[in-house]
Structure formats: C-alpha cells, structure tokens
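Containing compact mmCIF, C-alpha atoms: run-v1.txt.
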# COMPACT_ATOMS: atom_id res chain seq x y z
CA MET A 1 49.53 177.68 117.02
CA ARG A 2 45.83 176.93 117.32
CA THR A 3 44.69 173.57 115.93
CA VAL A 4 41.26 171.97 115.59
CA ILE A 5 41.01 168.20 115.24
CA ILE A 6 37.78 166.62 114.00
CA GLY A 7 37.22 162.88 114.04
CA ASP A 8 34.36 160.50 113.26
CA LYS A 9 32.68 159.37 116.49
CA THR A 10 30.79 156.61 114.70
CA ASP A 11 33.98 154.80 113.68
CA LYS A 12 35.09 152.48 116.50
CA SER A 13 37.63 150.44 114.52
CA ASN A 14 40.99 149.70 116.13
CA LEU A 15 42.69 151.61 113.33
CA GLY A 16 40.41 154.62 113.78
CA GLU A 17 41.06 154.70 117.53
CA SER A 18 44.82 154.46 116.91
CA ILE A 19 44.68 157.40 114.50
CA LYS A 20 42.58 159.57 116.85
CA ASP A 21 44.77 158.75 119.85
CA GLY A 22 47.95 159.29 117.83
CA VAL A 23 46.94 162.74 116.61
CA LYS A 24 45.73 163.85 120.07
CA ASN A 25 49.00 162.60 121.57
CA LEU A 26 51.03 164.61 119.05
CA PHE A 27 49.44 167.85 120.17
CA GLU A 28 49.33 167.00 123.87
CA THR A 29 53.04 166.16 124.03
CA SER A 30 53.97 169.30 122.08
CA GLY A 31 51.98 171.49 124.47
CA ALA A 32 50.14 173.05 121.52
CA GLU A 33 46.73 174.61 121.93
CA TYR A 34 44.07 172.42 120.33
CA SER A 35 40.42 171.41 120.40
CA PHE A 36 39.21 167.91 119.60
CA TYR A 37 35.75 167.10 118.31
CA GLU A 38 34.36 163.64 117.71
CA VAL A 39 31.35 164.11 115.49
CA GLY A 40 28.48 161.77 114.76
CA LYS A 41 25.62 162.37 112.36
CA GLU A 42 23.33 163.07 115.32
CA ASP A 43 25.55 165.99 116.43
CA LEU A 44 24.93 168.02 113.29
CA ASN A 45 21.78 168.67 111.33
CA PHE A 46 22.38 167.93 107.68
CA CYS A 47 22.62 170.92 105.36
CA VAL A 48 19.17 171.55 103.89
CA GLY A 49 20.44 173.83 101.11
CA CYS A 50 18.39 176.80 102.32
CA PHE A 51 21.37 179.18 101.85
CA GLY A 52 20.22 181.09 104.93
CA CYS A 53 23.89 181.21 105.96
CA TRP A 54 24.50 183.34 102.88
CA THR A 55 21.32 185.44 102.79
CA LYS A 56 19.50 185.58 106.17
CA THR A 57 22.28 185.09 108.74
CA PRO A 58 25.51 185.68 106.78
CA GLY A 59 28.34 183.49 108.03
CA VAL A 60 26.15 181.59 110.50
CA CYS A 61 24.14 178.43 109.82
CA VAL A 62 20.44 178.65 110.67
CA PHE A 63 20.82 175.47 112.77
CA ASN A 64 22.11 176.26 116.24
CA ASP A 65 24.05 173.07 116.95
CA LEU A 66 27.65 171.88 117.13
CA GLY A 67 28.20 173.01 113.53
CA ARG A 68 28.24 176.65 114.61
CA GLU A 69 30.93 176.00 117.20
CA ILE A 70 33.05 173.98 114.76
CA ASN A 71 32.83 176.72 112.12
CA ARG A 72 33.84 179.37 114.67
CA GLU A 73 36.82 177.24 115.69
CA PHE A 74 37.65 176.54 112.04
CA VAL A 75 38.07 180.19 111.05
CA ASN A 76 39.96 181.07 114.25
CA SER A 77 42.51 178.27 113.95
CA ASP A 78 45.83 177.94 112.17
CA VAL A 79 45.46 174.26 111.27
CA VAL A 80 42.44 171.98 110.93
CA VAL A 81 43.04 168.23 111.07
CA LEU A 82 40.24 166.02 109.74
CA LEU A 83 40.28 162.28 110.51
CA SER A 84 37.98 160.13 108.40
CA PRO A 85 37.45 156.54 107.43
CA VAL A 86 37.74 156.30 103.64
CA ARG A 87 34.49 155.21 101.99
CA TYR A 88 34.86 154.51 98.26
CA GLY A 89 37.54 157.19 98.06
CA CYS A 90 35.43 159.73 99.95
CA TYR A 91 34.85 160.85 103.52
CA SER A 92 32.58 159.09 105.98
CA THR A 93 29.05 160.47 106.25
CA ALA A 94 29.83 162.21 109.57
CA ILE A 95 32.88 164.03 108.17
CA LYS A 96 31.05 164.83 104.91
CA ARG A 97 28.36 166.47 107.05
CA VAL A 98 31.04 168.65 108.70
CA TRP A 99 32.14 169.82 105.23
CA ASP A 100 28.56 170.43 104.10
CA ARG A 101 27.80 172.51 107.17
CA SER A 102 30.92 174.64 106.74
CA ILE A 103 29.62 176.59 103.73
CA PRO A 104 28.81 179.63 105.92
CA ILE A 105 32.55 180.37 106.13
CA ILE A 106 32.76 181.06 102.38
CA LEU A 107 30.74 183.45 100.22
CA PRO A 108 28.04 182.62 97.65
CA PHE A 109 30.04 184.57 95.07
CA PHE A 110 32.57 182.97 92.77
CA LYS A 111 36.11 183.52 91.56
CA LYS A 112 38.37 181.70 89.14
CA ILE A 113 41.26 179.70 90.59
CA ASN A 114 43.49 177.62 88.31
CA ASN A 115 40.90 177.99 85.53
CA GLU A 116 38.23 176.52 87.82
CA VAL A 117 35.26 178.26 89.43
CA HIS A 118 35.32 178.28 93.23
CA HIS A 119 33.66 180.20 96.04
CA ALA A 120 35.16 183.49 97.18
CA PRO A 121 36.44 183.88 100.76
CA ARG A 122 34.35 185.46 103.51
CA TYR A 123 37.33 186.05 105.81
CA SER A 124 40.87 187.31 105.30
CA LYS A 125 42.51 184.26 106.90
CA TYR A 126 41.85 180.53 106.68
CA PRO A 127 43.62 177.58 108.31
CA GLU A 128 45.90 175.03 106.73
CA LEU A 129 44.21 171.67 106.18
CA VAL A 130 45.53 168.25 107.15
CA ILE A 131 43.29 165.35 106.18
CA VAL A 132 43.96 161.80 107.32
CA GLY A 133 41.97 159.01 105.70
CA TYR A 134 42.18 155.47 106.97
CA GLY A 135 40.89 151.96 106.37
CA GLU A 136 42.14 148.41 106.21
CA ASN A 137 41.31 147.65 102.57
CA ILE A 138 41.71 150.88 100.62
CA SER A 139 42.60 150.41 96.96
CA ASP A 140 45.09 152.56 95.04
CA SER A 141 42.25 154.17 93.08
CA GLU A 142 40.47 155.05 96.34
CA VAL A 143 43.67 156.68 97.62
CA GLU A 144 43.89 158.74 94.43
CA THR A 145 40.22 159.77 94.67
CA PHE A 146 40.59 160.69 98.35
CA LYS A 147 43.62 162.88 97.72
CA SER A 148 41.98 164.57 94.73
CA LEU A 149 38.84 165.25 96.76
CA SER A 150 40.92 166.70 99.62
CA ALA A 151 42.77 168.98 97.20
CA ALA A 152 39.49 170.25 95.69
CA ASN A 153 38.03 170.94 99.14
CA ALA A 154 41.18 172.86 100.08
CA VAL A 155 40.81 175.20 97.11
CA ASN A 156 37.13 175.84 97.85
CA PHE A 157 37.97 176.55 101.48
CA GLN A 158 40.64 179.08 100.57
CA THR A 159 43.75 177.00 101.21
CA LYS A 160 46.42 176.42 98.59
CA GLU A 161 46.63 172.75 99.40
CA ALA A 162 45.51 170.10 101.83
CA ARG A 163 48.05 167.67 103.13
CA ALA A 164 46.22 164.38 102.68
CA TYR A 165 47.57 161.18 104.20
CA VAL A 166 46.14 157.68 103.93
CA CYS A 167 46.71 155.00 106.55
CA ARG A 168 45.95 151.46 105.38
CA GLY A 169 46.69 149.65 108.62
CA GLU A 170 48.36 149.77 112.02
CA ARG A 171 51.74 149.45 110.30
CA ASP A 172 51.20 152.92 108.76
CA VAL A 173 50.13 154.78 111.90
CA ASP A 174 53.60 155.85 113.04
CA ARG A 175 54.59 156.95 109.54
CA VAL A 176 51.44 159.04 109.14
CA MET A 177 51.83 160.58 112.62
CA GLN A 178 55.42 161.57 111.81
CA SER A 179 54.27 163.15 108.53
CA VAL A 180 51.50 165.11 110.26
CA ASN A 181 53.91 166.25 112.97
CA SER A 182 56.52 167.38 110.42
CA TYR A 183 53.95 169.34 108.44
CA VAL A 184 52.48 171.08 111.50
CA ASN A 185 55.97 171.96 112.76
CA GLU A 186 56.84 173.34 109.32
CA LYS A 187 53.74 175.57 109.37
CA GLU A 188 54.46 176.67 112.93
CA GLY A 189 57.98 177.66 111.87
CA GLU A 190 56.59 179.67 108.92
CA LYS A 191 54.14 181.42 111.22
CA ASP A 192 56.90 182.35 113.69
CA GLU A 193 59.06 183.64 110.84
CA LYS A 194 56.25 185.84 109.51
CA SER A 195 55.61 187.15 113.02
CA MET A 196 59.27 188.11 113.42
CA LEU A 197 59.31 189.86 110.03
CA ARG A 198 56.24 191.93 111.01
CA LYS A 199 57.99 193.06 114.21
CA ARG A 200 61.05 194.37 112.31

Mind turning this structure into structure tokens?
Amino acid sequence: MRTVIIGDKTDKSNLGESIKDGVKNLFETSGAEYSFYEVGKEDLNFCVGCFGCWTKTPGVCVFNDLGREINREFVNSDVVVLLSPVRYGCYSTAIKRVWDRSIPIILPFFKKINNEVHHAPRYSKYPELVIVGYGENISDSEVETFKSLSAANAVNFQTKEARAYVCRGERDVDRVMQSVNSYVNEKEGEKDEKSMLRKR
C-alpha cells in the first residue's frame, strides 16, 4: 500500500520531531512503500488564485516546484498522512500551503454532498487521509475545530472521512502512533479484500 507522509519542516519542537520520527518508524518497520516530505513555506509558492490549474494546465499547477511532485504522489497513493502543529485549531502555514496548492487535483465544478456544495473529483480514485495535529497547549475547542476542519477537507478532496488525531504531549505519542497504525492496517486489509474479490 502506497503512503505519502507530509510534515512541517519549520517545526523543530521535541513533540514535532517525536511525531515525525514515530510515523516514519511505523512505515519503515512494516516494510510499506512510502514517501516522506518535510515542507517549509520556501519549498512551495503560495497559491495565487490564478486558476490556471483548472483552465490553462488542467490538473497541474502553473508553478513548477515541489507542489507538483506532492500532488502527483497524492493522487497515486492509497493513504496520505499529514503532520501539522495545531495553530488556533488550524494547520500550520506550511501545511496550509500544501492544501492550497492541491486544488489542481479536484475540478472547478461543484456537486452536492451531505447538503453542502463541494468540488467535483478530477480522478476516479483518491487516497484515505490521516491527519495528525500536535502541540503542547491545545485547548478542547482547538481540538474540535481541528477535527472539523480535517473532516471538511476530506469531503472536498473526495474522501468520506479523515482520521484526525491530536497529540497534546509526549505522553500521547505512543497512543496516537498505535491509532494511526491500526487505521492504516485496517485500510490495507480492506484493499487486499477488494483485490481478492476482483480476482474471483
């Protein structure tokens, strides 16, 4: 199962490093195929809202930088794991920039999902999303906002749900890693089952 992991390069906190190392270790020890990106603001141009990715170069951002590679990996993966410090219930600026630059992988057209208006898919298959937010002093309301934001992003990026986990300190790292591992294994089992059914 192909996995893409994206972390915030600008965050050098002990907790952030523990989360990044923990997630990488999960996939390394399982022998799974994965790519790991640490992204800083300088690695990606910010989205300028030109909509060239929808009108001039459909599916491809006009900026030829790391964003193109991440988007290509995104749509060719089974699971995407985003690791972000929580800032007022939202993503860090580096991870928000990754989201902003991923609009080429959806269409400018709209459809109704759960009585809400969302973008239509460009491709027939999209990955599952796992989003891990972390920080030492995250309030309950910030946790709620972060999980709601993750769920909304999942719908817009053609996934039924995003598994969002919040780690408030080193004491939570093992618990969150176990939860991520269980979810990924569950999805891998579902994929294997579907593959077997297609072969019958």

Polymer residues at most 8 Å from Val86 (chain A), all atoms listed in the file, same-chain spacing of 4 or more positions, as an mmCIF file with C-alpha atoms, in the frame of the given file:
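Contents of result25.cif, freshly written:
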data_model
loop_
_atom_site.group_PDB
_atom_site.id
_atom_site.type_symbol
_atom_site.label_atom_id
_atom_site.label_comp_id
_atom_site.auth_asym_id
_atom_site.auth_seq_id
_atom_site.Cartn_x
_atom_site.Cartn_y
_atom_site.Cartn_z
ATOM 1 C CA CYS A 90 35.430 159.730 99.950
ATOM 2 C CA TYR A 91 34.850 160.850 103.520
ATOM 3 C CA SER A 92 32.580 159.090 105.980
ATOM 4 C CA GLY A 133 41.970 159.010 105.700
ATOM 5 C CA TYR A 134 42.180 155.470 106.970
ATOM 6 C CA GLY A 135 40.890 151.960 106.370
ATOM 7 C CA ILE A 138 41.710 150.880 100.620
ATOM 8 C CA GLU A 142 40.470 155.050 96.340
ATOM 9 C CA PHE A 146 40.590 160.690 98.350
#

task: Have a look at CA of Ala164 (chain A) and CA of Ser77 (chain A) and let me know their distance in Å, one decimal.
output: 18.3 Å

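In terms of minimum interatomic distance to Asn185 (chain A), A:Asp78 ranks closest within A:Asp78, A:Glu116, A:Glu42, A:Asp140, counting all atoms listed in the file.
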
- prompt: Which is closer to Tyr88 (chain A) than all the others in A:Val143, A:Ile106, A:Ala154, A:Ile5, using all atoms listed in the file?
  reply: A:Val143

message: Which residues are near region 61-73 of chain A? Cut-off 9 Å, all atoms listed in the file, ignore same chain within fewer than 4 positions. Put them as a count of residues only.
response: 24

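Take CA of Glu128 (chain A) and CA of Val79 (chain A): the distance between them is 4.6 Å.
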
Pairwise distance for CA of Ala32 (chain A) and CA of Leu82 (chain A), rounded to one decimal in Å: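 Going from CA of Ala32 (chain A) over to CA of Leu82 (chain A), I get 16.9 Å.
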
task: Find the spatial neighbours of Val180 (chain A), counting only C-alpha atoms, within a cut-off of 10 Å - ignore same-chain residues fewer than 6 positions away - and output them as a PyMOL selection string.
output: chain A and resi 23+26+81+130-132+163-165+174+186

message: From the options A:Ile95, A:Leu15, A:Leu129, A:Ala120, which residue's atoms come nearest to Tyr183 (chain A), counting only C-alpha atoms?
response: A:Leu129

message: Env of Asp11 (chain A): 10 Å cut, atoms = all atoms listed in the file, seq-sep filter 2 positions within chain, self excluded. Answer as a ChimeraX atom specification.
response: /A:7-9,13-17,38-40,84-85,92,94

- prompt: Which is closer to Phe36 (chain A) than all the others in A:Val75, A:Gly59, A:Val80, A:Phe110, using all atoms listed in the file?
  reply: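 Between A:Val75, A:Gly59, A:Val80, A:Phe110, the residue approaching Phe36 (chain A) most closely is A:Val80.
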
For Ala152 (chain A), list every protein, DNA or RNA residue within 12 Å, evaluated using only C-alpha atoms, and leave out those in the same chain fewer than 5 positions away; present the list as an mmCIF file with C-alpha atoms, keeping the file's coordinate frame.
data_model
loop_
_atom_site.group_PDB
_atom_site.id
_atom_site.type_symbol
_atom_site.label_atom_id
_atom_site.label_comp_id
_atom_site.auth_asym_id
_atom_site.auth_seq_id
_atom_site.Cartn_x
_atom_site.Cartn_y
_atom_site.Cartn_z
ATOM 1 C CA ILE A 113 41.260 179.700 90.590
ATOM 2 C CA ASN A 114 43.490 177.620 88.310
ATOM 3 C CA GLU A 116 38.230 176.520 87.820
ATOM 4 C CA VAL A 117 35.260 178.260 89.430
ATOM 5 C CA HIS A 118 35.320 178.280 93.230
ATOM 6 C CA HIS A 119 33.660 180.200 96.040
ATOM 7 C CA LEU A 129 44.210 171.670 106.180
ATOM 8 C CA THR A 145 40.220 159.770 94.670
ATOM 9 C CA PHE A 146 40.590 160.690 98.350
ATOM 10 C CA LYS A 147 43.620 162.880 97.720
ATOM 11 C CA PHE A 157 37.970 176.550 101.480
ATOM 12 C CA GLN A 158 40.640 179.080 100.570
ATOM 13 C CA THR A 159 43.750 177.000 101.210
ATOM 14 C CA LYS A 160 46.420 176.420 98.590
ATOM 15 C CA GLU A 161 46.630 172.750 99.400
ATOM 16 C CA ALA A 162 45.510 170.100 101.830
ATOM 17 C CA ARG A 163 48.050 167.670 103.130
ATOM 18 C CA ALA A 164 46.220 164.380 102.680
#

Selected residue, from A:Tyr34, A:Thr29, A:Phe74, A:Asn156, that lies nearest to Phe109 (chain A) when counting only C-alpha atoms: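 Closest to Phe109 (chain A), using only C-alpha atoms: A:Asn156.
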